[in-house]
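Trainee: After the structure tokens below, expect a handful of questions from me.
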Amino acid sequence: MASVTIGIAGWSLARPDVELFPPAGSGSALARYAAVFDAVEINSSFYRPHRPETYERWANSVPAGFRFAVKLPRTVTHEKRLQDVDAELDRFISEAGTLGEKLGWVLVQTPPSLRFDAPAAEALFAGLGARLANIPHGHSGGPSLACEARHGSWFTLEATELLRRLDVIRVVADPPAGEPGPFAPAMADASYVRLHGSPHIYRSIYEPERLAKVAAWLARQQGQALVIFDNTMSMTQARQAIQLRDLLTSSWKDRHPDSHT
């Protein structure tokens, strides 16, 4: 069974779920969020840059074991479509890199219209990997790269082999986009799951039966897994994340009945 970290896209505390967190006045929204979850996905970086000082402040607001997943800017993926992006990558790393060892993942999401281009994809992921390797990461092992591609050409054997060679996690997305067939992981010991809400993206609530299926899938995985609830318009994403965490805890206890931890 994978070691699973669960979080949400953003740390805005939805009103229906606010009772799950420490009370207002006990810290910033991020600090209150980090009292309950061990990771968060920053999507705002996709739309606009954040100053290095902002990332540094965020890093100082959370416990040592907390990790951030940061989405690569759309200037790289949607505007320049992976072409000639060295300057953009340098800027992104100079900003998000100030998270230091608390930078756990960089998420690359490509537009549905972007076909797989092997030289461009290799330049992007190799360039990101080299830059991330220069970030001090202490004992954390350094950040991982994850790719959520949404055109079918990114799910060919050629694309899969490139992702595997460059140690890029292929995102498991719900609902899936672009997959021509059964999901083929790029790494055997790392997973990144994005639950967008299905059938209504961002809005649908994951019922207990669906969460049980997610938990069962995670129980079959190896290594490290990150699960992000991106159905933020449901306004109950935190409650669903805790439900999934409880299911995984129960599953672990069932597998280890003699454990007292």
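Labels used: A, B, ... for chains in the order of the structure tokens, numbers from 1 for residues in each chain, and numbers from 1 for ligands as shown.
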Would you kindly return, as a PyMOL selection string, each protein, DNA or RNA residue with an atom no farther than 12 Å from any atom of Glu79 of chain A, considering only C-alpha atoms and excluding same-chain residues fewer than 5 positions away?

Mentor: chain A and resi 46-47+73-74+84-85+88+110-111+113-114

Trainee: I'd like a table as a Markdown table: residues in segment 87-127 of chain A with an atom no more than 12 Å from segment 225-243 of chain A, each row giving the shortest atom pair and its distance in Å to one decimal, only C-alpha atoms counted, sorted by chain and rising residue number.

Mentor:
```
| residue | atom | partner | partner_atom | distance |
| --- | --- | --- | --- | --- |
| A:Gly104 | CA | A:Leu226 | CA | 9.8 |
| A:Trp105 | CA | A:Leu226 | CA | 9.2 |
| A:Val106 | CA | A:Leu226 | CA | 12.0 |
| A:Leu107 | CA | A:Ile228 | CA | 11.5 |
```

Trainee: Might you pull out every residue within 7 Å of Arg115 of chain A, with only C-alpha atoms counted and same-chain residues fewer than 4 positions away left off, and present them as a list in words?

Mentor: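 Counting only C-alpha atoms, the residues come to His151, Ser153 and Trp154 of chain A.
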
Trainee: Pull C-alpha atoms from the residues just selected and write them as a short mmCIF file (atom, residue, chain, number, x, y, z; two decimals), in the first residue's frame.

Mentor:
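That gives us part-v5.cif:
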```cif
data_model
loop_
_atom_site.label_atom_id
_atom_site.label_comp_id
_atom_site.auth_asym_id
_atom_site.auth_seq_id
_atom_site.Cartn_x
_atom_site.Cartn_y
_atom_site.Cartn_z
CA HIS A 151 -4.54 15.11 -25.41
CA SER A 153 -1.13 11.64 -28.01
CA TRP A 154 0.38 11.98 -24.51
#
```

Trainee: Taking 2 positions as the minimum chain separation for residues in the same chain, which residues sit within 10 Å of segment 178-193 of chain A when counting only C-alpha atoms? Answer as a ChimeraX atom specification.

Mentor: /A:2-6,105,107,112-113,144-157,159-174,176,195-196,214,218,221-230

Trainee: Residues within 12 Å of Ala87 of chain A, please, as a PDB file with N, CA and C atoms, in the first residue's frame. Count only C-alpha atoms; anything in the same chain fewer than 5 positions from it doesn't count.

Mentor:
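around_29.pdb written:
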```pdb
ATOM      1  N   THR A  75       1.805  30.395 -18.896  1.00  0.00           N
ATOM      2  CA  THR A  75       2.666  30.981 -19.929  1.00  0.00           C
ATOM      3  C   THR A  75       3.530  29.900 -20.575  1.00  0.00           C
ATOM      4  N   VAL A  76       3.917  28.895 -19.800  1.00  0.00           N
ATOM      5  CA  VAL A  76       4.749  27.808 -20.323  1.00  0.00           C
ATOM      6  C   VAL A  76       3.922  26.826 -21.127  1.00  0.00           C
ATOM      7  N   LYS A  80       2.993  29.623 -24.538  1.00  0.00           N
ATOM      8  CA  LYS A  80       4.166  29.298 -25.347  1.00  0.00           C
ATOM      9  C   LYS A  80       4.202  27.835 -25.757  1.00  0.00           C
ATOM     10  N   LEU A  82       5.175  25.051 -24.531  1.00  0.00           N
ATOM     11  CA  LEU A  82       6.422  24.350 -24.226  1.00  0.00           C
ATOM     12  C   LEU A  82       7.611  24.802 -25.073  1.00  0.00           C
ATOM     13  N   PHE A  92      10.026  30.939 -12.688  1.00  0.00           N
ATOM     14  CA  PHE A  92       9.195  30.103 -11.826  1.00  0.00           C
ATOM     15  C   PHE A  92      10.013  29.491 -10.693  1.00  0.00           C
ATOM     16  N   ILE A  93      11.173  28.946 -11.015  1.00  0.00           N
ATOM     17  CA  ILE A  93      11.990  28.315  -9.979  1.00  0.00           C
ATOM     18  C   ILE A  93      12.524  29.350  -9.006  1.00  0.00           C
ATOM     19  N   SER A  94      12.844  30.549  -9.484  1.00  0.00           N
ATOM     20  CA  SER A  94      13.330  31.596  -8.581  1.00  0.00           C
ATOM     21  C   SER A  94      12.251  32.007  -7.588  1.00  0.00           C
ATOM     22  N   LEU A 124      11.406  20.404 -21.684  1.00  0.00           N
ATOM     23  CA  LEU A 124      10.691  20.952 -20.533  1.00  0.00           C
ATOM     24  C   LEU A 124      11.008  20.179 -19.264  1.00  0.00           C
ATOM     25  N   GLY A 127      14.674  20.219 -18.276  1.00  0.00           N
ATOM     26  CA  GLY A 127      15.021  21.542 -17.775  1.00  0.00           C
ATOM     27  C   GLY A 127      14.474  21.796 -16.388  1.00  0.00           C
ATOM     28  N   LEU A 128      13.241  21.385 -16.164  1.00  0.00           N
ATOM     29  CA  LEU A 128      12.666  21.529 -14.822  1.00  0.00           C
ATOM     30  C   LEU A 128      13.418  20.680 -13.809  1.00  0.00           C
ATOM     31  N   ARG A 131      16.731  22.211 -12.818  1.00  0.00           N
ATOM     32  CA  ARG A 131      16.561  23.391 -11.970  1.00  0.00           C
ATOM     33  C   ARG A 131      16.120  23.000 -10.561  1.00  0.00           C
TER      34      ARG A 131
END
```

Trainee: Neighbouring residues of Pro63 of chain A were defined as those with any atom within 12 Å, considering only C-alpha atoms; residues of the same chain fewer than 4 positions away were excluded. Please report them as a ChimeraX atom specification.

Mentor: /A:30-39,58-59,67-68,101-102

Trainee: Please produce a file of the residues just selected, as a PDB file, in the first residue's frame, where the atoms kept are C-alpha atoms.

Mentor:
```
ATOM      1  CA  LEU A  30      -3.000  28.391   5.612  1.00  0.00           C
ATOM      2  CA  ALA A  31      -1.807  27.700   9.161  1.00  0.00           C
ATOM      3  CA  ARG A  32      -5.279  26.487  10.147  1.00  0.00           C
ATOM      4  CA  TYR A  33      -5.429  24.306   7.028  1.00  0.00           C
ATOM      5  CA  ALA A  34      -1.986  22.842   7.790  1.00  0.00           C
ATOM      6  CA  ALA A  35      -3.208  21.794  11.236  1.00  0.00           C
ATOM      7  CA  VAL A  36      -5.466  19.256   9.482  1.00  0.00           C
ATOM      8  CA  PHE A  37      -3.715  18.359   6.205  1.00  0.00           C
ATOM      9  CA  ASP A  38      -0.102  17.668   5.253  1.00  0.00           C
ATOM     10  CA  ALA A  39      -0.132  19.037   1.696  1.00  0.00           C
ATOM     11  CA  TRP A  58       3.834  30.372   3.095  1.00  0.00           C
ATOM     12  CA  ALA A  59       6.654  27.950   3.872  1.00  0.00           C
ATOM     13  CA  ARG A  67       4.547  19.903   1.429  1.00  0.00           C
ATOM     14  CA  PHE A  68       3.321  22.152  -1.391  1.00  0.00           C
ATOM     15  CA  GLU A 101      12.374  21.503   1.181  1.00  0.00           C
ATOM     16  CA  LYS A 102       8.634  22.154   1.497  1.00  0.00           C
TER      17      LYS A 102
END
```

Trainee: Considering only C-alpha atoms, state which residue in the set A:Gly100, A:Thr77, A:Gln109, A:Ser26 is at the smallest distance from Arg194 of chain A.

Mentor: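 Among the listed residues, the smallest separation from Arg194 of chain A belongs to A:Gln109.
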
Trainee: From a DSSP pass on the backbone, collect the residues of segment 71-141 of chain A flagged as alpha helix (DSSP H) and hand them back as a ChimeraX atom specification.

Mentor: /A:74,86-96,118-133

Trainee: Write a file of the selected residues as an mmCIF file, in the first residue's frame, keeping N, CA and C atoms.

Mentor:
```cif
data_model
loop_
_atom_site.group_PDB
_atom_site.id
_atom_site.type_symbol
_atom_site.label_atom_id
_atom_site.label_comp_id
_atom_site.auth_asym_id
_atom_site.auth_seq_id
_atom_site.Cartn_x
_atom_site.Cartn_y
_atom_site.Cartn_z
ATOM 1 N N ARG A 74 0.751 28.992 -16.824
ATOM 2 C CA ARG A 74 0.152 28.763 -18.138
ATOM 3 C C ARG A 74 0.948 29.430 -19.254
ATOM 4 N N ASP A 86 12.840 28.722 -21.440
ATOM 5 C CA ASP A 86 13.899 28.775 -20.429
ATOM 6 C C ASP A 86 13.729 29.955 -19.481
ATOM 7 N N ALA A 87 13.416 31.122 -20.019
ATOM 8 C CA ALA A 87 13.270 32.311 -19.162
ATOM 9 C C ALA A 87 12.103 32.138 -18.201
ATOM 10 N N GLU A 88 11.014 31.552 -18.685
ATOM 11 C CA GLU A 88 9.847 31.340 -17.828
ATOM 12 C C GLU A 88 10.142 30.313 -16.734
ATOM 13 N N LEU A 89 10.884 29.274 -17.072
ATOM 14 C CA LEU A 89 11.243 28.276 -16.063
ATOM 15 C C LEU A 89 12.177 28.874 -15.012
ATOM 16 N N ASP A 90 13.119 29.685 -15.465
ATOM 17 C CA ASP A 90 14.023 30.341 -14.510
ATOM 18 C C ASP A 90 13.243 31.199 -13.526
ATOM 19 N N ARG A 91 12.273 31.943 -14.041
ATOM 20 C CA ARG A 91 11.491 32.808 -13.156
ATOM 21 C C ARG A 91 10.668 31.971 -12.185
ATOM 22 N N PHE A 92 10.026 30.939 -12.688
ATOM 23 C CA PHE A 92 9.195 30.103 -11.826
ATOM 24 C C PHE A 92 10.013 29.491 -10.693
ATOM 25 N N ILE A 93 11.173 28.946 -11.015
ATOM 26 C CA ILE A 93 11.990 28.315 -9.979
ATOM 27 C C ILE A 93 12.524 29.350 -9.006
ATOM 28 N N SER A 94 12.844 30.549 -9.484
ATOM 29 C CA SER A 94 13.330 31.596 -8.581
ATOM 30 C C SER A 94 12.251 32.007 -7.588
ATOM 31 N N GLU A 95 10.999 31.814 -7.947
ATOM 32 C CA GLU A 95 9.882 32.157 -7.061
ATOM 33 C C GLU A 95 9.509 30.957 -6.183
ATOM 34 N N ALA A 96 9.026 29.894 -6.806
ATOM 35 C CA ALA A 96 8.545 28.737 -6.046
ATOM 36 C C ALA A 96 9.679 28.026 -5.323
ATOM 37 N N ALA A 118 7.851 15.150 -28.616
ATOM 38 C CA ALA A 118 8.901 14.550 -27.792
ATOM 39 C C ALA A 118 10.048 15.505 -27.489
ATOM 40 N N PRO A 119 10.615 16.210 -28.478
ATOM 41 C CA PRO A 119 11.718 17.126 -28.146
ATOM 42 C C PRO A 119 11.299 18.238 -27.184
ATOM 43 N N ALA A 120 10.110 18.792 -27.379
ATOM 44 C CA ALA A 120 9.644 19.867 -26.498
ATOM 45 C C ALA A 120 9.385 19.338 -25.098
ATOM 46 N N ALA A 121 8.758 18.163 -25.004
ATOM 47 C CA ALA A 121 8.472 17.583 -23.692
ATOM 48 C C ALA A 121 9.766 17.242 -22.963
ATOM 49 N N GLU A 122 10.713 16.677 -23.671
ATOM 50 C CA GLU A 122 11.991 16.337 -23.031
ATOM 51 C C GLU A 122 12.711 17.581 -22.550
ATOM 52 N N ALA A 123 12.736 18.625 -23.380
ATOM 53 C CA ALA A 123 13.401 19.870 -22.979
ATOM 54 C C ALA A 123 12.737 20.451 -21.729
ATOM 55 N N LEU A 124 11.406 20.404 -21.684
ATOM 56 C CA LEU A 124 10.691 20.952 -20.533
ATOM 57 C C LEU A 124 11.008 20.179 -19.264
ATOM 58 N N PHE A 125 10.806 18.873 -19.291
ATOM 59 C CA PHE A 125 10.948 18.094 -18.063
ATOM 60 C C PHE A 125 12.410 17.959 -17.643
ATOM 61 N N ALA A 126 13.304 17.832 -18.600
ATOM 62 C CA ALA A 126 14.720 17.789 -18.240
ATOM 63 C C ALA A 126 15.157 19.128 -17.672
ATOM 64 N N GLY A 127 14.674 20.219 -18.276
ATOM 65 C CA GLY A 127 15.021 21.542 -17.775
ATOM 66 C C GLY A 127 14.474 21.796 -16.388
ATOM 67 N N LEU A 128 13.241 21.385 -16.164
ATOM 68 C CA LEU A 128 12.666 21.529 -14.822
ATOM 69 C C LEU A 128 13.418 20.680 -13.809
ATOM 70 N N GLY A 129 13.708 19.439 -14.188
ATOM 71 C CA GLY A 129 14.408 18.551 -13.272
ATOM 72 C C GLY A 129 15.768 19.085 -12.867
ATOM 73 N N ALA A 130 16.500 19.630 -13.830
ATOM 74 C CA ALA A 130 17.821 20.180 -13.526
ATOM 75 C C ALA A 130 17.718 21.376 -12.597
ATOM 76 N N ARG A 131 16.731 22.211 -12.818
ATOM 77 C CA ARG A 131 16.561 23.391 -11.970
ATOM 78 C C ARG A 131 16.120 23.000 -10.561
ATOM 79 N N LEU A 132 15.212 22.039 -10.470
ATOM 80 C CA LEU A 132 14.733 21.608 -9.156
ATOM 81 C C LEU A 132 15.840 20.939 -8.343
ATOM 82 N N ALA A 133 16.780 20.303 -9.032
ATOM 83 C CA ALA A 133 17.873 19.637 -8.326
ATOM 84 C C ALA A 133 18.751 20.620 -7.572
#
```

Trainee: Rank nothing, just name the residue among A:Glu53, A:Ser61, A:Pro16, A:Gly10 nearest to Glu41 of chain A, using only C-alpha atoms.

Mentor: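 Counting only C-alpha atoms, the residue closest to Glu41 of chain A is A:Gly10.
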
Trainee: Just the residues within 8 Å of Ser198 of chain A, please, counting only C-alpha atoms, with nothing from its chain fewer than 5 positions along; format it as a ChimeraX atom specification.

Mentor: /A:174-175,203-206

Trainee: Can you list every residue in segment 20-235 of chain A that DSSP puts in strand (DSSP E or B), as a VMD selection string?

Mentor: chain A and resid 39 to 42 67 to 71 103 to 109 144 to 148 168 to 170 172 to 174 190 to 195 224 to 229
